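Down below is the structure, laid out as structure tokens.
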Amino acid sequence: MTLEDSLGDILRKARLSGNVTPEAAAAAADISVADYTATEDSGKAPRGFKFAAIAKLLSLNGVNLEKIANGWLPKPVDTEAWSEFRMITTAGGGMTVNAYLIWDIASREAAVFDTGFDAEPIFQLIHEHGLTLNHLFITHSHQDHIAALQPIRARFPKVRLHSNIKSAPVDQRNRPNDFINLGSLRISNRETPGHAEDGVTYIIGNWPEDAPHVALVGDALFAGSMGGARQLLELARSKVREQILSLPEDTLIGSGHGPLTTVGEEKQNNPWFP
């Protein structure tokens, strides 16, 4: 799986959030405005591109920005330790989005995190493993993450919803310091607004064989990048630092788009956190 954001995507997000003009960005990179615009569009930097200077202008990490340009990917994650965990990727509207299914190995109780565009792969896994879907957790209410909400609720009318959506009924809203038990698994939540007002990260612990925690972060953080936040970029970055990058380095991160990664990989390689 490729990264959600190319070099060009990262530059554009950072430039727009910082109200930096293409002319100023081009001057920092020591290239023409036309070449700079082409870099944002293609994700490929021309020879002589000054990564350190433009990273300083855009409050990014220059070394890590250059890694992205050179094709960095997170190390492949062996998910055998989390055998009751599945990432489900569906496509629609010219994009792909990730949803996640977890379950307790003994009770077969299951939970879905976001829905993606198509509920059918979720239904197939539930049937294949003989699961009972009890919970549906929403990381944020952007359409690509809740597109299949109604089919899931129609198939499983007793499923309990969890979100930070302010307009949701009180019994469907996450509460601070709340824990949801899924058999022996334990699910907690941490607010991670910025990309979305209702952004929330779910932490799943108590895996068999003492496997590391799993953090399902929505679009708060991607492998090598983060969701766009425009005027709320500093809020978004501070929440990621406090609520996600503070977790143990072996914590598995499942993002709303792009490949799996870990806290350690992102602390070392993500250019948004200089």
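Residue numbering restarts at 1 in every chain; chains get A, B, ... in the order shown in the structure tokens, and ligands count up from 1 in that same order.
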
_List the spatial neighbours of Ser225 in chain A as a PyMOL selection string - criterion: any atom at most 7 Å away, only C-alpha atoms, same-chain residues fewer than 3 positions off excluded._
chain A and resi 5+10+221-222+270-272

For the residues selected in the previous step, produce a file with N, CA and C atoms as a PDB file, in the first residue's frame.
```
ATOM      1  N   ASP A   5      -0.164  10.474   1.511  1.00  0.00           N
ATOM      2  CA  ASP A   5       0.320  11.782   1.057  1.00  0.00           C
ATOM      3  C   ASP A   5       1.692  11.670   0.416  1.00  0.00           C
ATOM      4  N   ILE A  10       2.083  16.932   1.086  1.00  0.00           N
ATOM      5  CA  ILE A  10       2.570  17.478   2.346  1.00  0.00           C
ATOM      6  C   ILE A  10       2.923  18.949   2.187  1.00  0.00           C
ATOM      7  N   LEU A 221      -3.629  11.137  11.932  1.00  0.00           N
ATOM      8  CA  LEU A 221      -2.243  10.806  11.602  1.00  0.00           C
ATOM      9  C   LEU A 221      -2.234   9.752  10.510  1.00  0.00           C
ATOM     10  N   PHE A 222      -1.353   9.949   9.529  1.00  0.00           N
ATOM     11  CA  PHE A 222      -1.107   8.951   8.494  1.00  0.00           C
ATOM     12  C   PHE A 222       0.341   8.489   8.606  1.00  0.00           C
ATOM     13  N   ASN A 270       8.103  10.943  10.549  1.00  0.00           N
ATOM     14  CA  ASN A 270       7.027  11.808  10.071  1.00  0.00           C
ATOM     15  C   ASN A 270       7.497  13.259  10.021  1.00  0.00           C
ATOM     16  N   PRO A 271       7.447  13.931   8.855  1.00  0.00           N
ATOM     17  CA  PRO A 271       7.975  15.295   8.738  1.00  0.00           C
ATOM     18  C   PRO A 271       7.145  16.363   9.430  1.00  0.00           C
ATOM     19  N   TRP A 272       5.916  16.049   9.841  1.00  0.00           N
ATOM     20  CA  TRP A 272       5.073  17.054  10.476  1.00  0.00           C
ATOM     21  C   TRP A 272       5.451  17.323  11.926  1.00  0.00           C
TER      22      TRP A 272
END
```

*Output as a list in words all residues of range 177-263 of chain A that backbone DSSP marks as helix (DSSP H, G or I).*
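Result set for range 177-263 of chain A (helix (DSSP H, G or I)): Pro208, Glu209, Asp210, Arg230, Gln231, Leu232, Leu233, Glu234, Leu235, Ala236, Arg237, Ser238, Lys239, Val240, Arg241, Glu242, Gln243 and Val263 of chain A.
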
*Find the residues near range 73-80 of chain A: any atom within 8 Å, counting only C-alpha atoms, skip ones fewer than 6 places away on the same chain, and give them as a ChimeraX atom specification.*
/A:2-3,223-224,259-261,265

If you take only C-alpha atoms and a cut-off of 9 Å, which residues of range 116-197 of chain A touch range 230-244 of chain A, and what are their nearest atom pairs and distances in Å to one decimal, in chain and number order, as a tab-separated table?
```
residue	atom	partner	partner_atom	distance
A:Arg190	CA	A:Gln243	CA	6.4
A:Glu191	CA	A:Gln243	CA	7.6
A:Thr192	CA	A:Lys239	CA	5.4
A:Pro193	CA	A:Ala236	CA	6.0
A:Gly194	CA	A:Ala236	CA	4.1
A:His195	CA	A:Ala236	CA	6.4
A:Ala196	CA	A:Ala236	CA	8.9
```

Could you list, as a PDB file with N, CA and C atoms, in the first residue's frame, every residue within 9 Å of Arg15 in chain A, counting only C-alpha atoms and ignoring same-chain residues fewer than 4 positions away?
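So the final result, stored in around_24.pdb, reads:
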```pdb
ATOM      1  N   ILE A  10       2.083  16.932   1.086  1.00  0.00           N
ATOM      2  CA  ILE A  10       2.570  17.478   2.346  1.00  0.00           C
ATOM      3  C   ILE A  10       2.923  18.949   2.187  1.00  0.00           C
ATOM      4  N   LEU A  11       3.629  19.280   1.113  1.00  0.00           N
ATOM      5  CA  LEU A  11       3.997  20.681   0.877  1.00  0.00           C
ATOM      6  C   LEU A  11       2.758  21.559   0.754  1.00  0.00           C
ATOM      7  N   ASN A  19      -0.404  29.843   5.361  1.00  0.00           N
ATOM      8  CA  ASN A  19      -0.660  31.032   4.520  1.00  0.00           C
ATOM      9  C   ASN A  19       0.604  31.489   3.791  1.00  0.00           C
ATOM     10  N   VAL A  20       1.349  30.533   3.274  1.00  0.00           N
ATOM     11  CA  VAL A  20       2.574  30.811   2.527  1.00  0.00           C
ATOM     12  C   VAL A  20       2.244  30.789   1.035  1.00  0.00           C
ATOM     13  N   THR A  21       2.707  31.776   0.297  1.00  0.00           N
ATOM     14  CA  THR A  21       2.433  31.837  -1.137  1.00  0.00           C
ATOM     15  C   THR A  21       3.335  30.871  -1.900  1.00  0.00           C
ATOM     16  N   PRO A  22       2.918  30.436  -3.092  1.00  0.00           N
ATOM     17  CA  PRO A  22       3.794  29.602  -3.914  1.00  0.00           C
ATOM     18  C   PRO A  22       5.120  30.301  -4.219  1.00  0.00           C
ATOM     19  N   ALA A  25       7.364  29.897  -1.191  1.00  0.00           N
ATOM     20  CA  ALA A  25       7.811  28.508  -1.100  1.00  0.00           C
ATOM     21  C   ALA A  25       8.856  28.199  -2.159  1.00  0.00           C
ATOM     22  N   LEU A  57      10.684  26.945   6.540  1.00  0.00           N
ATOM     23  CA  LEU A  57       9.616  27.891   6.230  1.00  0.00           C
ATOM     24  C   LEU A  57       8.248  27.320   6.593  1.00  0.00           C
ATOM     25  N   LEU A  58       8.052  26.035   6.354  1.00  0.00           N
ATOM     26  CA  LEU A  58       6.743  25.405   6.534  1.00  0.00           C
ATOM     27  C   LEU A  58       6.612  24.658   7.864  1.00  0.00           C
TER      28      LEU A  58
END
```

*Between A:Ser255, A:Asn206, A:Asn269, A:Ser163, which is the closest to Thr96 in chain A once you count only C-alpha atoms?*
A:Ser255

_Residue contacts of Ala211 in chain A (10 Å, only C-alpha atoms) excluding same-chain residues fewer than 6 positions away, as a PyMOL selection string_ = chain A and resi 79-83+205+250-252

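In terms of minimum interatomic distance to Glu4 in chain A, A:Met226 ranks closest within A:Val200, A:Ala69, A:Met226, A:Ile253, counting only C-alpha atoms.
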
*With only C-alpha atoms as the basis for distance, which of A:Val159, A:Ala111, A:Leu136, A:Leu65 is at the shortest distance from Leu7 in chain A?*
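So, comparing all the options, the nearest one is A:Leu65.
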
*Using backbone DSSP assignments, extract all strand (DSSP E or B) residues from range 138-273 of chain A; output them as a PyMOL selection string.*
chain A and resi 160-163+173+179-182+185-191+200-205+214-218+222+225+252-255+261-262

*Might you pull out every residue within 9 Å of range 126-134 of chain A, with only C-alpha atoms counted and same-chain residues fewer than 2 positions away left off, and present them as an MDAnalysis selection string?*
chainID A and resid 101 103:104 107:112 121:124 136 156 158:161 182

For the selection you just gave me, I'd like the residues written to a file as a PDB file, in the first residue's frame, keeping C-alpha atoms.
```
ATOM      1  CA  LEU A 101     -12.727  -4.998  12.540  1.00  0.00           C
ATOM      2  CA  TRP A 103     -13.033  -9.257  17.985  1.00  0.00           C
ATOM      3  CA  ASP A 104     -12.500 -11.176  21.185  1.00  0.00           C
ATOM      4  CA  SER A 107     -16.631 -14.622  23.158  1.00  0.00           C
ATOM      5  CA  ARG A 108     -16.584 -13.773  19.404  1.00  0.00           C
ATOM      6  CA  GLU A 109     -17.845 -10.268  20.264  1.00  0.00           C
ATOM      7  CA  ALA A 110     -16.804  -7.828  17.518  1.00  0.00           C
ATOM      8  CA  ALA A 111     -16.434  -4.108  16.938  1.00  0.00           C
ATOM      9  CA  VAL A 112     -16.071  -2.098  13.735  1.00  0.00           C
ATOM     10  CA  PRO A 121     -16.348  -6.959   3.211  1.00  0.00           C
ATOM     11  CA  ILE A 122     -17.213  -6.342   6.869  1.00  0.00           C
ATOM     12  CA  PHE A 123     -20.260  -8.610   6.609  1.00  0.00           C
ATOM     13  CA  GLN A 124     -18.164 -11.326   4.962  1.00  0.00           C
ATOM     14  CA  LEU A 136     -19.491   0.562  15.886  1.00  0.00           C
ATOM     15  CA  PHE A 156     -27.240  -5.211  12.929  1.00  0.00           C
ATOM     16  CA  LYS A 158     -28.751  -3.601  18.016  1.00  0.00           C
ATOM     17  CA  VAL A 159     -25.184  -2.409  17.326  1.00  0.00           C
ATOM     18  CA  ARG A 160     -24.112   0.308  19.772  1.00  0.00           C
ATOM     19  CA  LEU A 161     -22.664   3.480  18.207  1.00  0.00           C
ATOM     20  CA  LEU A 182     -15.195  -6.382  24.251  1.00  0.00           C
TER      21      LEU A 182
END
```

*Which is closer to Gly116 in chain A than all the others in A:His140, A:His145, A:His135, A:Arg86, using only C-alpha atoms?*
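Ranking A:His140, A:His145, A:His135, A:Arg86 by distance to Gly116 in chain A, first place goes to A:His145.
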
*Counting only C-alpha atoms, which of A:Gly8, A:Gly92, A:Gly62, A:Gly227 gets nearest to Pro274 in chain A?*
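Residue with the minimum atom-to-atom distance to Pro274 in chain A: A:Gly62.
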
_Just the number, please: distance in Å from CA of Ser188 in chain A to CA of Pro248 in chain A, one decimal._
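Computing the Euclidean distance for CA of Ser188 in chain A and CA of Pro248 in chain A yields 15.4 Å.
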